[in-house]
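Coordinates from structure.txt are shown below (compact mmCIF, C-alpha atoms and all ligand atoms).
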# COMPACT_ATOMS: atom_id res chain seq x y z
CA MET F 1 0.00 0.00 0.00
CA VAL F 2 1.25 3.51 -0.83
CA LYS F 3 -0.05 6.21 1.51
CA ILE F 4 -0.29 9.85 0.51
CA ALA F 5 -1.35 13.18 2.00
CA VAL F 6 -3.16 15.99 0.20
CA LEU F 7 -2.30 19.54 1.32
CA GLY F 8 -5.31 21.76 0.57
CA TYR F 9 -8.93 20.74 0.05
CA GLY F 10 -9.93 23.49 -2.38
CA THR F 11 -10.89 23.02 -6.01
CA VAL F 12 -7.87 20.97 -7.10
CA GLY F 13 -7.49 19.14 -3.75
CA SER F 14 -11.09 17.95 -3.79
CA GLY F 15 -10.53 17.02 -7.46
CA VAL F 16 -7.54 14.85 -6.51
CA VAL F 17 -9.66 13.03 -3.92
CA GLU F 18 -12.45 12.60 -6.49
CA VAL F 19 -10.12 11.26 -9.20
CA ILE F 20 -8.59 8.72 -6.80
CA ARG F 21 -12.00 7.63 -5.44
CA THR F 22 -13.60 7.39 -8.90
CA ASN F 23 -10.71 5.57 -10.57
CA GLN F 24 -9.38 3.74 -7.50
CA GLU F 25 -9.56 0.30 -9.08
CA VAL F 26 -7.77 1.14 -12.29
CA ILE F 27 -5.18 3.25 -10.44
CA ASN F 28 -4.41 0.38 -8.05
CA GLN F 29 -4.20 -2.01 -10.98
CA ARG F 30 -1.74 0.23 -12.84
CA LEU F 31 0.32 0.83 -9.73
CA GLY F 32 0.23 -2.80 -8.67
CA GLU F 33 -0.53 -1.63 -5.12
CA ILE F 34 -3.30 0.16 -3.27
CA LEU F 35 -3.05 3.96 -3.27
CA GLN F 36 -4.53 5.35 -0.08
CA ILE F 37 -5.09 8.94 1.05
CA LYS F 38 -4.09 9.00 4.71
CA TYR F 39 -4.49 12.74 5.40
CA VAL F 40 -6.08 15.81 3.89
CA LEU F 41 -4.62 18.99 5.39
CA ASP F 42 -6.90 22.03 5.51
CA LEU F 43 -7.72 24.77 7.97
CA ARG F 44 -11.41 23.91 7.67
CA ASP F 45 -13.48 20.89 8.73
CA PHE F 46 -15.71 19.11 6.22
CA PRO F 47 -18.50 17.39 8.15
CA GLY F 48 -20.40 14.91 5.98
CA ASP F 49 -17.67 14.92 3.33
CA PRO F 50 -15.89 11.64 2.43
CA VAL F 51 -12.66 13.13 3.84
CA GLN F 52 -14.12 14.20 7.20
CA ASP F 53 -12.24 11.49 9.12
CA ILE F 54 -8.86 12.07 7.52
CA ILE F 55 -8.78 15.87 7.82
CA THR F 56 -5.89 17.26 9.81
CA HIS F 57 -5.13 20.89 10.60
CA ASP F 58 -1.51 20.23 11.50
CA PHE F 59 1.21 19.77 8.87
CA GLU F 60 3.39 18.10 11.54
CA ASP F 61 1.02 15.08 11.38
CA VAL F 62 1.92 14.68 7.70
CA VAL F 63 5.62 15.41 7.74
CA ASN F 64 6.34 13.26 10.81
CA ASP F 65 4.38 10.26 9.56
CA GLU F 66 6.83 7.76 8.07
CA GLU F 67 4.00 5.93 6.35
CA VAL F 68 3.25 8.93 4.11
CA LYS F 69 5.44 8.49 1.06
CA ILE F 70 3.93 11.12 -1.26
CA VAL F 71 2.65 14.60 -0.49
CA VAL F 72 0.28 16.38 -2.89
CA GLU F 73 0.58 20.16 -2.62
CA VAL F 74 -2.50 21.86 -4.09
CA MET F 75 -2.77 24.87 -1.77
CA GLY F 76 -1.44 27.40 -4.28
CA GLY F 77 0.64 30.50 -3.54
CA ILE F 78 4.20 30.58 -2.28
CA GLU F 79 3.79 30.29 1.48
CA PRO F 80 3.19 28.06 3.32
CA ALA F 81 3.35 25.81 0.23
CA TYR F 82 7.12 26.33 -0.23
CA THR F 83 7.94 25.49 3.39
CA PHE F 84 5.65 22.45 3.40
CA VAL F 85 7.04 21.12 0.09
CA LYS F 86 10.64 21.65 1.14
CA ARG F 87 10.12 19.96 4.51
CA SER F 88 8.28 17.06 2.85
CA LEU F 89 11.17 16.50 0.42
CA MET F 90 13.75 16.79 3.21
CA ALA F 91 11.75 14.19 5.14
CA GLY F 92 12.19 11.79 2.21
CA LYS F 93 8.71 12.14 0.71
CA SER F 94 8.03 12.73 -2.99
CA VAL F 95 5.86 15.72 -3.84
CA ALA F 96 3.34 16.30 -6.65
CA THR F 97 2.06 19.84 -7.13
CA SER F 98 -0.10 21.93 -9.45
CA ASN F 99 1.37 25.17 -8.08
CA LYS F 100 2.95 27.08 -11.00
CA ALA F 101 3.93 30.06 -8.83
CA LEU F 102 5.89 27.75 -6.54
CA VAL F 103 7.50 25.80 -9.40
CA ALA F 104 8.46 28.92 -11.37
CA LYS F 105 10.06 30.53 -8.29
CA HIS F 106 11.60 27.58 -6.43
CA GLY F 107 11.48 24.68 -8.92
CA ALA F 108 15.25 24.35 -9.40
CA GLU F 109 15.96 24.27 -5.66
CA LEU F 110 13.13 21.80 -4.95
CA LEU F 111 14.32 19.55 -7.78
CA ARG F 112 17.83 19.60 -6.33
CA ILE F 113 16.55 18.67 -2.87
CA ALA F 114 14.45 15.87 -4.39
CA GLY F 115 17.59 14.56 -6.12
CA GLU F 116 19.62 14.72 -2.89
CA GLN F 117 16.89 12.86 -1.01
CA ASN F 118 16.42 10.33 -3.82
CA VAL F 119 12.73 11.19 -4.13
CA ASN F 120 10.77 13.09 -6.80
CA PHE F 121 9.31 16.55 -7.23
CA LEU F 122 6.70 16.40 -10.01
CA PHE F 123 4.55 19.21 -11.38
CA GLU F 124 2.82 18.18 -14.61
CA ALA F 125 -0.36 20.09 -13.65
CA SER F 126 1.46 23.40 -13.26
CA VAL F 127 1.57 23.97 -17.04
CA GLY F 128 -1.41 23.36 -19.29
CA GLY F 129 -3.59 21.85 -16.50
CA GLY F 130 -4.62 18.40 -17.68
CA ILE F 131 -2.54 18.44 -20.88
CA PRO F 132 0.47 16.10 -20.69
CA ILE F 133 3.39 18.30 -21.73
CA LEU F 134 6.14 18.15 -19.08
CA ARG F 135 6.48 14.36 -19.04
CA PRO F 136 6.59 14.15 -22.88
CA LEU F 137 9.36 16.77 -22.79
CA HIS F 138 11.22 14.72 -20.16
CA SER F 139 10.75 11.33 -21.71
CA SER F 140 9.53 11.01 -25.30
CA LEU F 141 11.42 14.07 -26.54
CA THR F 142 14.74 13.57 -24.77
CA GLY F 143 16.34 12.76 -28.14
CA ASP F 144 15.51 16.20 -29.47
CA VAL F 145 16.77 19.71 -29.02
CA ILE F 146 13.63 21.79 -28.60
CA GLU F 147 14.07 24.83 -30.79
CA GLU F 148 10.74 26.43 -30.11
CA ILE F 149 7.91 26.02 -27.64
CA MET F 150 4.90 28.23 -27.89
CA GLY F 151 1.54 28.04 -26.25
CA ILE F 152 -1.86 29.35 -25.47
CA LEU F 153 -1.36 28.73 -21.78
CA ASN F 154 -4.20 30.67 -20.21
CA GLY F 155 -7.81 29.60 -20.65
CA THR F 156 -9.39 32.79 -19.29
CA THR F 157 -7.72 35.09 -21.77
CA ASN F 158 -8.20 32.64 -24.65
CA TYR F 159 -11.93 32.57 -23.87
CA MET F 160 -11.95 36.37 -23.94
CA MET F 161 -9.94 36.66 -27.16
CA THR F 162 -12.20 34.09 -28.84
CA LYS F 163 -15.37 36.00 -27.85
CA MET F 164 -13.91 39.30 -28.97
CA PHE F 165 -12.87 37.84 -32.31
CA TYR F 166 -15.98 35.84 -33.21
CA GLU F 167 -18.69 37.95 -31.54
CA GLY F 168 -17.23 41.44 -31.85
CA ALA F 169 -17.74 41.97 -28.11
CA ASN F 170 -15.57 44.52 -26.35
CA TYR F 171 -13.04 43.78 -23.63
CA ASP F 172 -15.14 44.95 -20.66
CA GLU F 173 -18.24 43.02 -21.76
CA VAL F 174 -16.27 39.85 -22.32
CA LEU F 175 -14.43 40.13 -19.01
CA LYS F 176 -17.73 40.58 -17.16
CA GLU F 177 -19.23 37.58 -18.97
CA ALA F 178 -16.14 35.47 -18.18
CA GLN F 179 -16.43 36.46 -14.51
CA ASP F 180 -20.17 35.71 -14.44
CA ASN F 181 -19.50 32.25 -15.96
CA GLY F 182 -16.73 31.52 -13.46
CA PHE F 183 -13.97 31.50 -16.12
CA ALA F 184 -12.33 34.65 -14.77
CA GLU F 185 -11.55 35.60 -11.19
CA ARG F 186 -13.15 38.67 -9.57
CA ASN F 187 -9.60 40.04 -9.56
CA PRO F 188 -8.55 39.00 -13.08
CA GLU F 189 -5.08 40.61 -13.01
CA ALA F 190 -3.00 37.41 -13.01
CA ASP F 191 -4.75 36.19 -16.15
CA VAL F 192 -5.37 39.37 -18.18
CA GLU F 193 -1.95 40.89 -17.48
CA GLY F 194 -0.30 37.64 -18.63
CA TYR F 195 1.34 36.81 -15.26
CA ASP F 196 -0.15 33.28 -15.17
CA ALA F 197 1.06 32.48 -18.71
CA CYS F 198 4.43 34.04 -17.86
CA ARG F 199 5.05 31.62 -14.98
CA LYS F 200 4.08 28.70 -17.22
CA ILE F 201 6.43 29.69 -20.06
CA ALA F 202 9.20 30.27 -17.45
CA ILE F 203 8.75 26.63 -16.36
CA LEU F 204 8.76 25.36 -19.97
CA SER F 205 11.80 27.50 -20.81
CA SER F 206 13.67 26.16 -17.77
CA ILE F 207 12.85 22.60 -18.77
CA ILE F 208 13.94 22.91 -22.40
CA SER F 209 17.13 24.77 -21.46
CA GLY F 210 17.98 22.78 -18.31
CA ARG F 211 18.71 26.09 -16.51
CA GLN F 212 16.76 28.51 -14.32
CA VAL F 213 14.70 31.00 -16.34
CA ASP F 214 13.30 33.65 -13.99
CA PHE F 215 9.78 34.77 -14.86
CA GLU F 216 10.76 38.32 -13.86
CA ASP F 217 13.16 38.35 -16.86
CA ILE F 218 10.44 37.48 -19.37
CA TYR F 219 8.79 40.40 -21.15
CA CYS F 220 5.11 40.12 -20.28
CA GLU F 221 2.25 42.06 -21.85
CA GLY F 222 -1.39 41.10 -21.25
CA ILE F 223 -4.56 41.54 -23.27
CA THR F 224 -5.99 44.63 -21.53
CA LYS F 225 -5.27 46.94 -24.46
CA ILE F 226 -6.75 44.67 -27.17
CA THR F 227 -9.86 46.23 -28.72
CA VAL F 228 -12.71 45.29 -31.04
CA GLU F 229 -10.97 47.40 -33.71
CA ASP F 230 -7.80 45.29 -33.40
CA MET F 231 -9.95 42.22 -34.04
CA GLN F 232 -11.50 43.88 -37.10
CA TYR F 233 -8.04 44.53 -38.53
CA ALA F 234 -7.02 40.95 -37.73
CA LYS F 235 -10.04 39.65 -39.66
CA ALA F 236 -9.26 41.93 -42.59
CA MET F 237 -5.80 40.29 -42.74
CA GLY F 238 -7.14 36.72 -42.40
CA LYS F 239 -5.61 36.53 -38.92
CA THR F 240 -6.68 36.39 -35.28
CA VAL F 241 -5.20 37.71 -32.03
CA LYS F 242 -4.12 35.30 -29.26
CA LEU F 243 -2.20 35.74 -26.02
CA LEU F 244 0.92 33.70 -26.81
CA ALA F 245 3.68 32.58 -24.50
CA THR F 246 6.77 31.79 -26.53
CA CYS F 247 10.28 30.51 -26.04
CA LYS F 248 12.64 30.29 -29.01
CA ARG F 249 16.19 29.11 -29.39
CA ASP F 250 18.55 31.29 -31.39
CA GLY F 251 21.99 29.69 -31.54
CA ASP F 252 23.15 29.41 -27.94
CA SER F 253 20.60 31.80 -26.52
CA LEU F 254 16.88 31.64 -25.77
CA SER F 255 14.28 34.36 -26.02
CA ALA F 256 10.99 34.21 -24.16
CA MET F 257 7.97 36.49 -24.21
CA VAL F 258 4.28 36.71 -23.32
CA CYS F 259 2.20 39.08 -25.44
CA PRO F 260 -0.83 39.26 -27.72
CA CYS F 261 0.16 38.17 -31.23
CA LEU F 262 -1.46 38.13 -34.65
CA LEU F 263 -1.66 34.58 -35.98
CA SER F 264 -2.53 33.62 -39.54
CA GLN F 265 -5.10 30.94 -40.37
CA GLU F 266 -2.32 28.53 -41.30
CA HIS F 267 -0.79 28.69 -37.81
CA PRO F 268 -1.49 25.53 -35.76
CA LEU F 269 -2.61 27.62 -32.75
CA TYR F 270 -5.09 29.72 -34.79
CA SER F 271 -8.04 27.44 -34.12
CA VAL F 272 -7.43 26.85 -30.40
CA ASN F 273 -10.55 28.55 -29.06
CA GLY F 274 -12.48 29.13 -25.86
CA VAL F 275 -10.98 27.99 -22.56
CA PHE F 276 -8.75 25.39 -24.22
CA ASN F 277 -4.96 25.51 -24.01
CA SER F 278 -2.44 24.22 -26.48
CA VAL F 279 1.33 23.88 -26.62
CA PHE F 280 3.18 23.78 -29.91
CA VAL F 281 6.66 22.26 -29.86
CA HIS F 282 9.31 22.25 -32.57
CA GLY F 283 12.19 19.83 -32.11
CA ASN F 284 15.30 19.71 -34.30
CA MET F 285 14.60 16.05 -35.14
CA LEU F 286 10.89 15.75 -34.39
CA GLY F 287 9.76 18.74 -36.40
CA ASP F 288 6.37 19.95 -35.18
CA ALA F 289 4.09 18.50 -32.51
CA MET F 290 1.12 19.96 -30.72
CA PHE F 291 -0.54 19.18 -27.39
CA TYR F 292 -4.14 20.33 -26.88
CA GLY F 293 -6.74 20.07 -24.13
CA SER F 294 -8.21 21.36 -20.91
CA GLY F 295 -5.71 23.76 -19.41
CA ALA F 296 -7.57 24.34 -16.17
CA GLY F 297 -10.50 23.10 -14.12
CA LYS F 298 -10.88 20.81 -11.14
CA LEU F 299 -10.80 17.33 -12.70
CA PRO F 300 -8.40 17.91 -15.63
CA THR F 301 -5.86 19.50 -13.27
CA ALA F 302 -6.43 16.80 -10.65
CA SER F 303 -5.98 14.12 -13.32
CA ALA F 304 -2.48 15.44 -14.06
CA VAL F 305 -1.66 15.58 -10.33
CA VAL F 306 -2.80 11.99 -9.82
CA GLY F 307 -0.72 10.92 -12.85
CA ASP F 308 2.30 12.38 -11.01
CA VAL F 309 1.32 10.63 -7.79
CA VAL F 310 1.26 7.27 -9.59
CA GLU F 311 4.61 8.07 -11.24
CA ALA F 312 6.08 8.94 -7.84
CA ALA F 313 4.56 5.79 -6.30
CA LYS F 314 6.15 3.65 -9.00
CA ASN F 315 9.51 5.27 -8.30
CA LEU F 316 9.78 5.40 -4.52
CA ASN F 317 13.46 5.77 -3.58
CA ARG F 318 14.46 6.43 -7.19
CA ASN F 319 14.97 9.99 -8.39
CA LEU F 320 13.89 10.36 -12.00
CA GLY F 321 16.39 13.15 -12.54
CA ASN F 322 13.97 15.37 -14.38
CA GLY F 323 14.42 19.06 -14.18
CA TRP F 324 16.78 21.93 -14.44
CA SER F 325 19.78 23.28 -12.58
CA GLU F 326 19.84 26.39 -10.37
CA GLU F 327 22.25 28.09 -12.77
CA LYS F 328 20.44 31.11 -14.15
CA LEU F 329 19.93 31.45 -17.89
CA VAL F 330 20.25 34.97 -19.25
CA LEU F 331 17.62 35.43 -21.94
CA LYS F 332 18.20 37.26 -25.17
CA LYS F 333 17.27 40.93 -24.77
CA LYS F 334 13.78 41.82 -25.94
CA ASP F 335 15.23 44.61 -28.13
CA ASP F 336 17.22 42.01 -30.11
CA VAL F 337 14.26 39.70 -30.78
CA THR F 338 12.93 40.10 -34.32
CA HIS F 339 9.29 40.31 -35.35
CA ARG F 340 7.06 41.87 -37.92
CA PHE F 341 4.87 44.49 -36.25
CA PHE F 342 1.28 45.39 -37.02
CA VAL F 343 0.76 49.10 -36.36
CA ARG F 344 -2.45 51.12 -36.30
CA MET F 345 -1.87 54.73 -37.22
CA LYS F 346 -3.97 57.92 -37.25
CA GLY F 347 -3.92 60.05 -40.36
CA ASP F 348 -3.95 59.88 -44.11
CA ARG F 349 -2.20 56.81 -45.50
CA GLU F 350 -1.31 58.40 -48.84
CA ALA F 351 0.32 61.40 -47.19
CA LEU F 352 2.40 59.18 -44.87
CA GLN F 353 3.10 56.28 -47.22
CA GLU F 354 6.46 57.40 -48.59
CA LYS F 355 8.02 58.12 -45.19
CA LEU F 356 6.57 54.96 -43.67
CA GLY F 357 7.96 52.88 -46.53
CA ALA F 358 11.41 54.38 -46.00
CA ASP F 359 11.28 53.84 -42.21
CA PHE F 360 9.60 50.45 -41.85
CA GLY F 361 10.54 48.67 -45.08
CA MET F 362 8.26 46.65 -47.31
CA LEU F 363 4.82 47.37 -45.89
CA GLN F 364 1.49 45.64 -46.14
CA TYR F 365 -1.28 48.22 -45.69
CA VAL F 366 -4.66 47.30 -44.16
CA VAL F 367 -7.83 49.34 -44.17
CA VAL F 368 -11.05 48.50 -42.36
CA PRO F 369 -13.83 50.46 -44.11
CA GLU F 370 -15.87 50.82 -40.89
CA ILE F 371 -12.98 52.46 -39.03
CA ASP F 372 -12.44 56.11 -40.02
CA GLY F 373 -9.39 58.31 -39.75
CA GLU F 374 -6.79 55.60 -39.43
CA PHE F 375 -5.13 52.72 -41.23
CA GLY F 376 -2.95 49.74 -40.36
CA PHE F 377 0.29 48.39 -41.71
CA VAL F 378 2.65 45.47 -41.14
CA THR F 379 6.37 46.27 -41.02
CA GLU F 380 9.14 44.13 -42.38
CA CYS F 381 10.85 41.79 -39.93
CA MET F 382 13.18 43.75 -37.62
CA PRO F 383 14.61 43.68 -34.09
CA GLU F 384 12.21 45.14 -31.55
CA GLY F 385 14.73 47.82 -30.52
CA GLU F 386 14.90 49.05 -34.11
CA TYR F 387 11.10 49.12 -34.36
CA GLN F 388 10.85 51.12 -31.09
CA LYS F 389 13.41 53.66 -32.34
CA LYS F 390 11.50 54.18 -35.57
CA ALA F 391 8.13 54.26 -33.82
CA ALA F 392 9.43 57.07 -31.54
CA ASP F 393 9.10 59.42 -34.54
CA TYR F 394 5.38 58.66 -34.73
CA THR F 395 4.22 58.91 -31.10
CA GLU F 396 1.38 61.27 -32.05
CA GLU F 397 0.16 59.00 -34.86
CA ILE F 398 0.57 55.43 -33.53
CA ILE F 399 -2.59 54.09 -31.90
CA SER F 400 -1.34 50.59 -31.07
CA MET F 401 1.09 47.85 -32.07
CA ILE F 402 0.68 44.05 -32.05
CA ARG F 403 3.49 41.62 -32.86
CA VAL F 404 2.96 39.22 -35.75
CA GLU F 405 3.81 35.54 -35.16
CA GLU F 406 4.88 33.88 -38.40
N1 LIG K 1 -6.47 31.02 -14.52
C1 LIG K 1 -5.81 29.99 -15.23
C2 LIG K 1 -6.36 29.95 -16.66
C3 LIG K 1 -6.02 28.68 -14.53
O1 LIG K 1 -7.30 30.71 -16.97
O2 LIG K 1 -5.87 29.22 -17.51
C4 LIG K 1 -4.98 27.66 -14.78
O3 LIG K 1 -3.70 28.08 -14.43
Here is the file; what I need is its structure written in the form of structure tokens.
Amino acid sequence: MVKIAVLGYGTVGSGVVEVIRTNQEVINQRLGEILQIKYVLDLRDFPGDPVQDIITHDFEDVVNDEEVKIVVEVMGGIEPAYTFVKRSLMAGKSVATSNKALVAKHGAELLRIAGEQNVNFLFEASVGGGIPILRPLHSSLTGDVIEEIMGILNGTTNYMMTKMFYEGANYDEVLKEAQDNGFAERNPEADVEGYDACRKIAILSSIISGRQVDFEDIYCEGITKITVEDMQYAKAMGKTVKLLATCKRDGDSLSAMVCPCLLSQEHPLYSVNGVFNSVFVHGNMLGDAMFYGSGAGKLPTASAVVGDVVEAAKNLNRNLGNGWSEEKLVLKKKDDVTHRFFVRMKGDREALQEKLGADFGMLQYVVVPEIDGEFGFVTECMPEGEYQKKAADYTEEIISMIRVEE
């Protein structure tokens, strides 16, 4: 029998209990042993709930119990999760977590401790919810150098972008609707400002580079400035706008970024709509692969956590060696990363055309008949620093800029 403890009985924690109870038989069969939840740690009591008799309010019960071999951390946030995870690992217990904030900030250290203790620190659910992406990167794709990894990693903002694109709804309406439907938090900052996606791409970047990529070093721009007019221009160009989290290899360096991007219909992420997430991977041998599914939600996230629990249970006293070192990776500077830029500009296109052509290169002009007094254009591919320098001459005229993902 393998005994585990679940720290936190919120949405994901109750999902973990539900997944194990619902699929107990098949899980035991696959594990070759019985998986049993010995404790659920929470500040609250849950009278009448299936876990009422195994609730504890004291982490010491969990960490001092030699029988507990695996700890599931689904509390969220940095503290006390960090302390509890670290103490669990030091006590020789494997840990499975869905906590992307914890993994992005302390993942390298916790992986090192897990290695030293010959246990495992697993976090499949921290990126892409229920979508298997970390284990494929660790196992199936170990023969490849990953040259590019790019994803729609936030369901809330993808739901909002999809509604704005297909229904012409404006940002405030769509945010309110997402909040009313429970897709967006009352305080939506972490999602709409891109912070959630940023932590996820930091984890993916660390995994594909084998070094620590700090989320604070990743340029992060959310969707709060995207308008109905931007979507009209996107349609006129046969494109859509998505919040993309990207990490690309360029020689020995990596660049990473979170920002809204224009995607053409041919792009594999174009048709990822609603709350779904997707991760596109390009390997130097593999070529392209894409992973798609439920990026959030109680049961999909819990399913990934339980998958890690079973993996940890199959490998008690054997560190799987997955992860990245604490050595920090310095990312390529944002100013040196090249893009084509879609720019909306006030004024008369014909009057400005010659100077714009000279400044921004071969331009594609876009006009939306319903939008007066402005036009759009796509620049040639150039480093962001060069674009910013040129755009500084047009501060009065430029309405907005969106990067184009080829
Ligand atoms: N708020 C996140 C999302 C949940 O919308 O995708 C999963 O991290």
Provide the CA of Tyr270 (chain F) to CA of Val258 (chain F) distance in Å, to one decimal place.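 Answer for the CA of Tyr270 (chain F) to CA of Val258 (chain F) separation: 16.4 Å.
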Kindly give the distance, in Å, that separates CA of Met345 (chain F) and CA of Pro383 (chain F), rounded to a single decimal.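 Between CA of Met345 (chain F) and CA of Pro383 (chain F) the gap works out to 20.1 Å.
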Step by step, measure atom-to-atom distances between ligand LIG 1 (chain K) and each residue using only C-alpha atoms and all ligand atoms, keep those at most 8 Å, then write them as a list in words. Lys100, Ser126, Val127, Gly128, Gly129, Leu153, Asn154, Gly155, Thr156, Thr157, Asn158, Phe183, Ala184, Glu185, Ala190, Asp191, Asp196, Ala197, Val275, Asn277, Gly295, Ala296 and Gly297 of chain F
Please return as a list in words every residue within 9 Å of (6.3, 40.4, -27.6), taking into account only C-alpha atoms and the file's own coordinates. Tyr219, Cys220, Glu221, Leu244, Ala245, Thr246, Ala256, Met257, Val258, Cys259, Pro260, Cys261, Lys334, Val337, His339, Glu384, Ile402, Arg403 and Val404 of chain F
Do a neighbour search on Val12 (chain F) at 7 Å with all atoms listed in the file, toss out local chain neighbours closer than 5 positions, and write the hits as a ChimeraX atom specification. /F:74,298,301-302
Pick the closest to Ser88 (chain F) from F:Glu60, F:Asp252, F:Glu109, F:Asp217: which is it, counting all atoms listed in the file?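 For Ser88 (chain F), the nearest of the given residues is F:Glu60.
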Mind checking which residues fall within 9 Å of Glu405 (chain F), counting only C-alpha atoms, ignoring those fewer than 6 positions away in the same chain, and posting them as a ChimeraX atom specification? /F:261-264,267,339-340
CA of Arg249 (chain F) to CA of Ile146 (chain F) measures 7.8 Å
Lys346 (chain F) surroundings by all atoms listed in the file, 12 Å radius, close-in-sequence under 6 positions cut, as a PDB file with C-alpha atoms, in the coordinates of the input:
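Output contents, as saved in part-v2.pdb:
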ATOM      1  CA  LEU F 352       2.400  59.180 -44.870  1.00  0.00           C
ATOM      2  CA  VAL F 367      -7.830  49.340 -44.170  1.00  0.00           C
ATOM      3  CA  ILE F 371     -12.980  52.460 -39.030  1.00  0.00           C
ATOM      4  CA  ASP F 372     -12.440  56.110 -40.020  1.00  0.00           C
ATOM      5  CA  GLY F 373      -9.390  58.310 -39.750  1.00  0.00           C
ATOM      6  CA  GLU F 374      -6.790  55.600 -39.430  1.00  0.00           C
ATOM      7  CA  PHE F 375      -5.130  52.720 -41.230  1.00  0.00           C
ATOM      8  CA  GLY F 376      -2.950  49.740 -40.360  1.00  0.00           C
ATOM      9  CA  PHE F 377       0.290  48.390 -41.710  1.00  0.00           C
ATOM     10  CA  TYR F 394       5.380  58.660 -34.730  1.00  0.00           C
ATOM     11  CA  THR F 395       4.220  58.910 -31.100  1.00  0.00           C
ATOM     12  CA  GLU F 396       1.380  61.270 -32.050  1.00  0.00           C
ATOM     13  CA  GLU F 397       0.160  59.000 -34.860  1.00  0.00           C
ATOM     14  CA  ILE F 398       0.570  55.430 -33.530  1.00  0.00           C
ATOM     15  CA  ILE F 399      -2.590  54.090 -31.900  1.00  0.00           C
ATOM     16  CA  SER F 400      -1.340  50.590 -31.070  1.00  0.00           C
TER      17      SER F 400
END
